[in-house]
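Visitor: Contents of model.cif (mmCIF, C-alpha atoms and all ligand atoms) are given next:
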data_my_file
#
loop_
_atom_site.label_atom_id
_atom_site.label_comp_id
_atom_site.auth_asym_id
_atom_site.auth_seq_id
_atom_site.Cartn_x
_atom_site.Cartn_y
_atom_site.Cartn_z
CA MET A 18 22.30 -18.08 15.15
CA ALA A 19 22.61 -16.97 18.80
CA GLY A 20 26.02 -15.46 17.96
CA LEU A 21 24.42 -13.48 15.16
CA LEU A 22 21.90 -11.99 17.61
CA GLU A 23 24.66 -11.09 20.11
CA ALA A 24 26.64 -9.42 17.31
CA ALA A 25 23.55 -7.48 16.18
CA LEU A 26 22.84 -6.24 19.72
CA ALA A 27 26.50 -5.46 20.48
CA ASN A 28 26.29 -2.55 18.04
CA PRO A 29 22.55 -1.95 17.81
CA TRP A 30 22.67 1.34 15.90
CA ARG A 31 24.95 -0.02 13.21
CA THR A 32 22.55 -2.94 12.89
CA LEU A 33 19.54 -0.62 12.67
CA ASP A 34 21.42 1.55 10.19
CA THR A 35 21.80 -1.50 7.94
CA VAL A 36 18.12 -2.38 8.36
CA LEU A 37 16.73 1.11 7.86
CA ASP A 38 19.38 2.46 5.50
CA GLY A 39 18.92 5.99 6.83
CA PRO A 40 18.31 8.05 9.98
CA LEU A 41 17.79 6.07 13.16
CA HIS A 42 14.80 7.97 14.49
CA PRO A 43 11.10 7.97 13.63
CA GLY A 44 10.20 10.30 10.77
CA GLY A 45 13.66 10.22 9.13
CA THR A 46 15.11 13.27 7.39
CA GLU A 47 11.67 14.83 6.91
CA ALA A 48 11.15 14.95 10.69
CA THR A 49 14.68 16.35 11.09
CA ALA A 50 13.94 19.11 8.56
CA GLN A 51 10.70 20.05 10.37
CA LEU A 52 12.51 20.13 13.71
CA LEU A 53 15.24 22.34 12.22
CA ASP A 54 12.55 24.68 10.82
CA ARG A 55 10.96 24.97 14.27
CA ALA A 56 14.38 25.73 15.79
CA ALA A 57 14.98 28.37 13.06
CA VAL A 58 18.13 26.70 11.72
CA GLY A 59 19.33 28.56 8.63
CA PRO A 60 22.47 29.97 7.01
CA GLY A 61 25.24 30.47 9.57
CA THR A 62 23.45 28.77 12.48
CA ARG A 63 26.05 27.04 14.67
CA LEU A 64 24.49 23.64 15.30
CA LEU A 65 25.76 20.76 17.43
CA ASP A 66 24.16 17.36 16.73
CA VAL A 67 24.53 15.28 19.90
CA GLY A 68 24.47 11.54 19.19
CA CYS A 69 24.82 12.23 15.47
CA GLY A 70 25.47 8.60 14.48
CA ALA A 71 26.01 8.40 10.73
CA GLY A 72 25.51 12.16 10.31
CA ASP A 73 22.24 12.22 8.35
CA ALA A 74 20.97 15.28 10.26
CA LEU A 75 24.32 17.04 9.79
CA ALA A 76 23.77 16.78 6.03
CA VAL A 77 20.23 18.23 6.36
CA ALA A 78 21.54 21.13 8.46
CA ARG A 79 24.49 21.85 6.15
CA ASP A 80 22.21 21.81 3.11
CA ARG A 81 20.45 24.84 4.59
CA GLY A 82 23.73 26.63 5.27
CA ALA A 83 24.21 25.81 8.96
CA GLU A 84 27.68 25.27 10.42
CA ALA A 85 26.92 21.83 11.77
CA VAL A 86 29.18 19.61 13.87
CA GLY A 87 28.33 16.24 15.38
CA VAL A 88 29.33 14.50 18.60
CA ASP A 89 28.95 10.78 19.25
CA PRO A 90 30.78 8.20 21.39
CA ALA A 91 31.00 6.03 18.26
CA PRO A 92 30.58 8.33 15.26
CA THR A 93 30.20 6.62 11.90
CA THR A 94 30.97 9.81 9.99
CA ASP A 95 34.33 11.56 9.81
CA ARG A 96 32.51 14.90 10.21
CA ALA A 97 31.91 14.38 13.94
CA LEU A 98 33.86 14.64 17.17
CA GLN A 99 34.09 11.71 19.50
CA GLY A 100 32.37 12.58 22.77
CA ASP A 101 29.53 12.05 25.17
CA ALA A 102 26.30 14.01 25.69
CA THR A 103 27.23 14.46 29.36
CA ALA A 104 30.72 15.88 28.63
CA LEU A 105 30.57 17.73 25.31
CA PRO A 106 33.95 18.63 23.79
CA VAL A 107 32.74 22.19 23.04
CA ARG A 108 33.33 25.58 24.73
CA ASP A 109 30.67 27.40 26.79
CA GLY A 110 28.13 29.56 24.96
CA THR A 111 29.42 28.83 21.45
CA VAL A 112 26.41 27.03 19.93
CA ASP A 113 23.10 28.40 18.59
CA VAL A 114 21.19 25.11 18.40
CA VAL A 115 21.76 21.76 20.08
CA LEU A 116 20.02 18.96 18.20
CA ALA A 117 19.50 15.60 19.93
CA GLU A 118 17.40 13.08 18.04
CA CYS A 119 16.64 9.78 19.74
CA VAL A 120 19.65 9.96 22.04
CA LEU A 121 18.96 11.62 25.39
CA CYS A 122 16.92 8.61 26.53
CA LEU A 123 20.20 6.66 26.32
CA THR A 124 22.07 8.81 28.80
CA ASP A 125 21.78 10.71 32.09
CA LEU A 126 19.11 13.22 30.99
CA ASP A 127 19.79 15.89 33.63
CA ALA A 128 23.55 15.81 33.00
CA ALA A 129 23.02 15.98 29.22
CA LEU A 130 20.59 18.91 29.53
CA ALA A 131 23.05 20.76 31.78
CA GLU A 132 25.74 20.26 29.11
CA ALA A 133 23.41 21.47 26.35
CA ASP A 134 22.67 24.56 28.44
CA ARG A 135 26.40 25.16 29.02
CA VAL A 136 27.37 25.08 25.34
CA LEU A 137 24.37 27.13 24.12
CA ARG A 138 24.51 30.91 23.96
CA ASP A 139 21.79 32.80 25.85
CA GLY A 140 18.62 32.47 23.79
CA GLY A 141 20.03 29.42 21.99
CA ARG A 142 17.67 26.54 21.25
CA LEU A 143 17.46 22.90 22.16
CA ALA A 144 15.78 20.76 19.49
CA LEU A 145 15.17 17.25 20.69
CA SER A 146 13.13 14.23 19.82
CA ASP A 147 12.78 11.16 21.98
CA VAL A 148 10.80 8.10 22.92
CA VAL A 149 8.20 8.66 25.64
CA VAL A 150 6.14 6.18 27.63
CA ASP A 151 2.75 6.37 29.25
CA GLY A 152 2.95 4.27 32.43
CA ASP A 153 5.54 1.53 32.86
CA ARG A 154 8.11 0.79 30.21
CA PRO A 155 7.35 -2.54 28.46
CA ASP A 156 9.39 -5.32 30.02
CA VAL A 157 11.99 -6.02 27.32
CA PRO A 158 15.62 -7.19 27.80
CA GLU A 159 18.08 -4.33 28.45
CA SER A 160 19.93 -4.91 25.18
CA VAL A 161 16.67 -4.61 23.22
CA ALA A 162 15.63 -1.54 25.27
CA ASP A 163 18.97 0.10 24.41
CA ALA A 164 18.65 -0.71 20.73
CA LEU A 165 15.17 0.81 20.64
CA CYS A 166 16.05 3.86 22.76
CA LEU A 167 13.64 2.78 25.47
CA THR A 168 16.17 2.60 28.28
CA GLY A 169 15.57 6.01 29.83
CA ALA A 170 12.22 6.75 28.20
CA ARG A 171 9.92 8.76 30.47
CA SER A 172 6.52 10.40 30.19
CA ARG A 173 6.01 13.60 28.14
CA GLU A 174 5.34 15.51 31.36
CA ARG A 175 8.51 14.24 33.00
CA LEU A 176 10.57 15.06 29.89
CA THR A 177 9.30 18.67 29.67
CA ASP A 178 9.65 19.00 33.43
CA ARG A 179 13.35 18.00 33.29
CA VAL A 180 13.98 20.32 30.29
CA GLU A 181 12.44 23.26 32.18
CA ALA A 182 14.30 22.35 35.39
CA ALA A 183 17.55 22.60 33.38
CA GLY A 184 16.81 26.25 32.59
CA PHE A 185 14.96 26.04 29.27
CA GLU A 186 11.56 27.34 28.28
CA VAL A 187 9.67 24.78 26.18
CA GLU A 188 8.29 26.57 23.08
CA ASP A 189 6.44 23.68 21.51
CA LEU A 190 6.04 19.94 21.75
CA LEU A 191 4.73 17.78 18.91
CA ASP A 192 3.48 14.22 19.08
CA ARG A 193 5.21 12.02 16.47
CA HIS A 194 3.37 8.77 17.21
CA ALA A 195 2.49 8.28 13.53
CA ASP A 196 6.21 8.38 12.70
CA LEU A 197 6.91 5.71 15.31
CA LEU A 198 4.18 3.47 13.88
CA ALA A 199 5.64 3.91 10.39
CA MET A 200 9.14 3.08 11.65
CA ARG A 201 7.84 -0.02 13.44
CA ASP A 202 6.21 -1.17 10.19
CA ARG A 203 9.36 -0.45 8.21
CA VAL A 204 11.54 -2.52 10.56
CA ALA A 205 8.95 -5.33 10.67
CA GLU A 206 8.89 -5.45 6.84
CA ARG A 207 12.66 -5.82 6.73
CA VAL A 208 13.36 -8.13 9.69
CA ASP A 209 11.91 -11.63 9.93
CA TYR A 210 11.72 -11.80 13.76
CA GLU A 211 9.96 -15.15 13.80
CA GLY A 212 12.43 -16.72 11.39
CA LEU A 213 15.42 -15.34 13.33
CA LEU A 214 14.24 -15.90 16.88
CA GLY A 215 11.95 -18.88 16.36
CA VAL A 216 14.96 -21.22 15.98
CA MET A 217 16.59 -20.04 19.22
CA GLY A 218 14.62 -22.06 21.74
CA ASP A 219 13.37 -20.50 24.99
CA ARG A 220 15.56 -17.43 24.70
CA GLY A 221 14.26 -16.71 21.21
CA GLN A 222 10.67 -17.22 22.34
CA SER A 223 11.05 -14.80 25.22
CA ALA A 224 12.61 -12.20 22.89
CA LEU A 225 9.70 -12.72 20.46
CA SER A 226 7.17 -12.22 23.28
CA ALA A 227 8.98 -9.03 24.34
CA ILE A 228 8.84 -7.71 20.76
CA GLU A 229 5.14 -8.53 20.52
CA GLU A 230 4.48 -6.76 23.83
CA LEU A 231 6.40 -3.75 22.61
CA GLU A 232 4.56 -3.67 19.27
CA ALA A 233 1.23 -3.73 21.13
CA ALA A 234 2.38 -0.87 23.41
CA VAL A 235 3.40 1.19 20.35
CA GLU A 236 0.06 0.44 18.67
CA ALA A 237 -1.82 1.53 21.81
CA GLY A 238 0.24 4.72 22.12
CA GLU A 239 1.71 3.64 25.48
CA VAL A 240 5.09 3.97 23.80
CA SER A 241 5.28 7.04 21.61
CA TYR A 242 7.64 9.65 20.20
CA VAL A 243 7.74 13.43 20.62
CA SER A 244 9.82 16.35 19.45
CA LEU A 245 10.24 19.65 21.23
CA VAL A 246 11.99 22.98 20.88
CA ALA A 247 13.08 24.88 23.99
CA THR A 248 14.99 28.13 24.52
CA ALA A 249 17.94 28.55 26.90
CA GLN A 250 17.06 31.24 29.43
CA GLY A 251 20.67 32.17 30.27
C1 LIG B 301 19.21 5.79 17.84
S1 LIG B 301 20.77 6.42 17.39
C2 LIG B 301 20.33 8.03 16.75
C3 LIG B 301 21.37 8.54 15.78
C4 LIG B 301 20.97 9.87 15.10
N1 LIG B 301 20.75 10.94 16.05
C5 LIG B 301 19.75 9.66 14.24
O1 LIG B 301 18.68 10.13 14.61
O2 LIG B 301 19.88 9.00 13.19
C6 LIG B 301 21.50 6.82 18.94
C7 LIG B 301 22.88 7.46 18.82
O3 LIG B 301 23.24 7.96 20.11
C8 LIG B 301 24.60 7.68 20.34
N2 LIG B 301 24.80 7.67 21.79
C9 LIG B 301 24.59 6.68 22.67
N3 LIG B 301 24.92 7.07 23.92
C10 LIG B 301 25.34 8.37 23.81
C11 LIG B 301 25.84 9.33 24.73
N4 LIG B 301 25.97 9.04 26.03
N5 LIG B 301 26.19 10.57 24.28
C12 LIG B 301 26.05 10.87 22.96
N6 LIG B 301 25.60 10.00 22.04
C13 LIG B 301 25.25 8.77 22.46
C14 LIG B 301 24.82 6.32 19.66
O4 LIG B 301 26.20 6.09 19.38
C15 LIG B 301 23.98 6.48 18.40
O5 LIG B 301 24.72 7.04 17.34
#
As structure tokens - that is how I would like this structure written.
Ligand SMILES: C[S@@+](CC[C@H](N)C(=O)[O-])C[C@H]1O[C@@H](n2cnc3c(N)ncnc32)[C@H](O)[C@@H]1O
Guide:
Amino acid sequence: MAGLLEAALANPWRTLDTVLDGPLHPGGTEATAQLLDRAAVGPGTRLLDVGCGAGDALAVARDRGAEAVGVDPAPTTDRALQGDATALPVRDGTVDVVLAECVLCLTDLDAALAEADRVLRDGGRLALSDVVVDGDRPDVPESVADALCLTGARSRERLTDRVEAAGFEVEDLLDRHADLLAMRDRVAERVDYEGLLGVMGDRGQSALSAIEELEAAVEAGEVSYVSLVATAQG
């Protein structure tokens, strides 16, 4: 049983993909479509999806006529390049919109924002969604924090501050807490935490406590989710 947990955490997004059977961010494809609307993605828009995973957002963007390419260190679609948010395999100023859903909290934010700015044309747009925290991050094991995109989560103010420091002007920021609550419920419906972890002794119990603490923080809004659109100032 312990081996099963290690295997699940070794590739957390593939595991979540199996559990959720769809996009790995709160709000799913509907939230992606709204974010693409706000970033004015339409026919001919050159879009780069950073941390594209299985490519669900690429499909949404292509359906509206965008020329969409993904980048991921471990892409699970053959329509993406292998690469990292902090070293994008794309030339300067060649992209209209950089999309980054539930990924920048997993990497060096400042380096990733500098890369987004480099590949965007002047006036290009950054469309991102991410986990945010109010106060301290709940104390969960690193592997669980990674799987839930909590690792580098920061406050809303800190996130917008870093985006603006990287040379963008934030156009709008939306709270997506309801989407996070719905995703939490969806995962809880599909994963029997108590059954899985309850048989793993002390380690299982401490993981269960961490999950309960996290669920309470999500319920209270101390852990939340936001999306924002920002324009590159050139
Ligand atoms: C929570 S998933 C989100 C996937 C997709 N954007 C979505 O919303 O369904 C996080 C994704 O970020 C990718 N990732 C992790 N570290 C990264 C990095 N340094 N640069 C780019 N992508 C990264 C993972 O491989 C994974 O596909």
Visitor: Atom CA of A:Gly87 and atom CA of A:Gly68, how far apart in Å?
Guide: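 We find that atom CA of A:Gly68 and atom CA of A:Gly87 lie 7.2 Å from each other.
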Visitor: For the atom pair atom CA of A:Val187 and atom CA of A:Leu143, what is the interatomic distance in Å to one decimal place?
Guide: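 According to the coordinates, atom CA of A:Val187 and atom CA of A:Leu143 are separated by 9.0 Å.
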Visitor: Work out how far atom S1 of ligand LIG 301 (chain B) is from atom CA of A:Thr46, in Å to one decimal.
Guide: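 Between atom CA of A:Thr46 and atom S1 of ligand LIG 301 (chain B) the gap works out to 13.4 Å.
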Visitor: List all protein, DNA and RNA residues that have an atom no more than 6 Å from any atom of ligand LIG 301 (chain B), counting all atoms listed in the file, and report them as a PDB file with C-alpha atoms, in the coordinates of the input.
Guide:
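Output file pocket.pdb is given in full below:
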ATOM      1  CA  TRP A  30      22.670   1.340  15.900  1.00  0.00           C
ATOM      2  CA  PRO A  40      18.310   8.050   9.980  1.00  0.00           C
ATOM      3  CA  LEU A  41      17.790   6.070  13.160  1.00  0.00           C
ATOM      4  CA  HIS A  42      14.800   7.970  14.490  1.00  0.00           C
ATOM      5  CA  VAL A  67      24.530  15.280  19.900  1.00  0.00           C
ATOM      6  CA  GLY A  68      24.470  11.540  19.190  1.00  0.00           C
ATOM      7  CA  CYS A  69      24.820  12.230  15.470  1.00  0.00           C
ATOM      8  CA  GLY A  70      25.470   8.600  14.480  1.00  0.00           C
ATOM      9  CA  ASP A  89      28.950  10.780  19.250  1.00  0.00           C
ATOM     10  CA  PRO A  90      30.780   8.200  21.390  1.00  0.00           C
ATOM     11  CA  ALA A  91      31.000   6.030  18.260  1.00  0.00           C
ATOM     12  CA  ASP A 101      29.530  12.050  25.170  1.00  0.00           C
ATOM     13  CA  ALA A 102      26.300  14.010  25.690  1.00  0.00           C
ATOM     14  CA  GLU A 118      17.400  13.080  18.040  1.00  0.00           C
ATOM     15  CA  CYS A 119      16.640   9.780  19.740  1.00  0.00           C
ATOM     16  CA  VAL A 120      19.650   9.960  22.040  1.00  0.00           C
ATOM     17  CA  LEU A 123      20.200   6.660  26.320  1.00  0.00           C
ATOM     18  CA  THR A 124      22.070   8.810  28.800  1.00  0.00           C
TER      19      THR A 124
END
Visitor: Do you know which residues are at most 7 Å from A:Val115 counting only C-alpha atoms, after dropping those on the same chain fewer than 3 positions away, and could you put them as a list in words?
Guide: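 In the requested form, the answer reads Leu64, Leu65, Asp66, Ala133, Arg142, Leu143 and Ala144 of chain A.
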Visitor: Using only C-alpha atoms, what does the table of stretch 159-183 of chain A residues within 10 Å of stretch 218-239 of chain A look like, with each row giving the shortest atom pair and its distance in Å to one decimal, sorted by chain and ascending number, as JSON lines?
Guide:
{"residue": "A:Val161", "atom": "CA", "partner": "A:Ala224", "partner_atom": "CA", "distance": 8.6}
{"residue": "A:Ala162", "atom": "CA", "partner": "A:Leu231", "partner_atom": "CA", "distance": 9.9}
{"residue": "A:Ser172", "atom": "CA", "partner": "A:Glu239", "partner_atom": "CA", "distance": 9.5}
Visitor: Counting only C-alpha atoms, what is within 12 Å of A:Glu159, bar same-chain residues fewer than 4 positions away, as an MDAnalysis selection string?
Guide: chainID A and resid 26:27 29 123 154:155 163:169 224 227
Visitor: Could you please take those selected residues and save C-alpha atoms as a PDB file, in the frame of the given file?
Guide:
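And here is the file that came out, part-v2.pdb:
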ATOM      1  CA  LEU A  26      22.840  -6.240  19.720  1.00  0.00           C
ATOM      2  CA  ALA A  27      26.500  -5.460  20.480  1.00  0.00           C
ATOM      3  CA  PRO A  29      22.550  -1.950  17.810  1.00  0.00           C
ATOM      4  CA  LEU A 123      20.200   6.660  26.320  1.00  0.00           C
ATOM      5  CA  ARG A 154       8.110   0.790  30.210  1.00  0.00           C
ATOM      6  CA  PRO A 155       7.350  -2.540  28.460  1.00  0.00           C
ATOM      7  CA  ASP A 163      18.970   0.100  24.410  1.00  0.00           C
ATOM      8  CA  ALA A 164      18.650  -0.710  20.730  1.00  0.00           C
ATOM      9  CA  LEU A 165      15.170   0.810  20.640  1.00  0.00           C
ATOM     10  CA  CYS A 166      16.050   3.860  22.760  1.00  0.00           C
ATOM     11  CA  LEU A 167      13.640   2.780  25.470  1.00  0.00           C
ATOM     12  CA  THR A 168      16.170   2.600  28.280  1.00  0.00           C
ATOM     13  CA  GLY A 169      15.570   6.010  29.830  1.00  0.00           C
ATOM     14  CA  ALA A 224      12.610 -12.200  22.890  1.00  0.00           C
ATOM     15  CA  ALA A 227       8.980  -9.030  24.340  1.00  0.00           C
TER      16      ALA A 227
END
Visitor: Please reconstruct the missing atoms of stretch 161-172 of chain A (target: N, CA and C atoms) and return them as a CSV table (one decimal), in the coordinates of the input.
Guide:
chain,number,residue,atom,x,y,z
A,161,VAL,N,17.7,-5.0,24.2
A,161,VAL,CA,16.7,-4.6,23.2
A,161,VAL,C,16.2,-3.2,23.6
A,162,ALA,N,16.1,-2.9,24.9
A,162,ALA,CA,15.6,-1.5,25.3
A,162,ALA,C,16.6,-0.5,24.8
A,163,ASP,N,17.9,-0.8,24.9
A,163,ASP,CA,19.0,0.1,24.4
A,163,ASP,C,18.8,0.3,22.9
A,164,ALA,N,18.7,-0.8,22.2
A,164,ALA,CA,18.6,-0.7,20.7
A,164,ALA,C,17.5,0.1,20.3
A,165,LEU,N,16.4,0.1,21.0
A,165,LEU,CA,15.2,0.8,20.6
A,165,LEU,C,15.0,2.1,21.4
A,166,CYS,N,16.1,2.6,22.1
A,166,CYS,CA,16.0,3.9,22.8
A,166,CYS,C,14.9,3.9,23.8
A,167,LEU,N,14.7,2.8,24.5
A,167,LEU,CA,13.6,2.8,25.5
A,167,LEU,C,14.2,2.9,26.9
A,168,THR,N,15.5,2.8,27.0
A,168,THR,CA,16.2,2.6,28.3
A,168,THR,C,15.7,3.7,29.3
A,169,GLY,N,15.9,4.9,28.9
A,169,GLY,CA,15.6,6.0,29.8
A,169,GLY,C,14.3,6.7,29.5
A,170,ALA,N,13.4,6.1,28.7
A,170,ALA,CA,12.2,6.8,28.2
A,170,ALA,C,11.3,7.1,29.4
A,171,ARG,N,10.8,8.3,29.4
A,171,ARG,CA,9.9,8.8,30.5
A,171,ARG,C,8.6,9.4,29.9
A,172,SER,N,7.8,9.8,30.7
A,172,SER,CA,6.5,10.4,30.2
A,172,SER,C,6.8,11.8,29.6
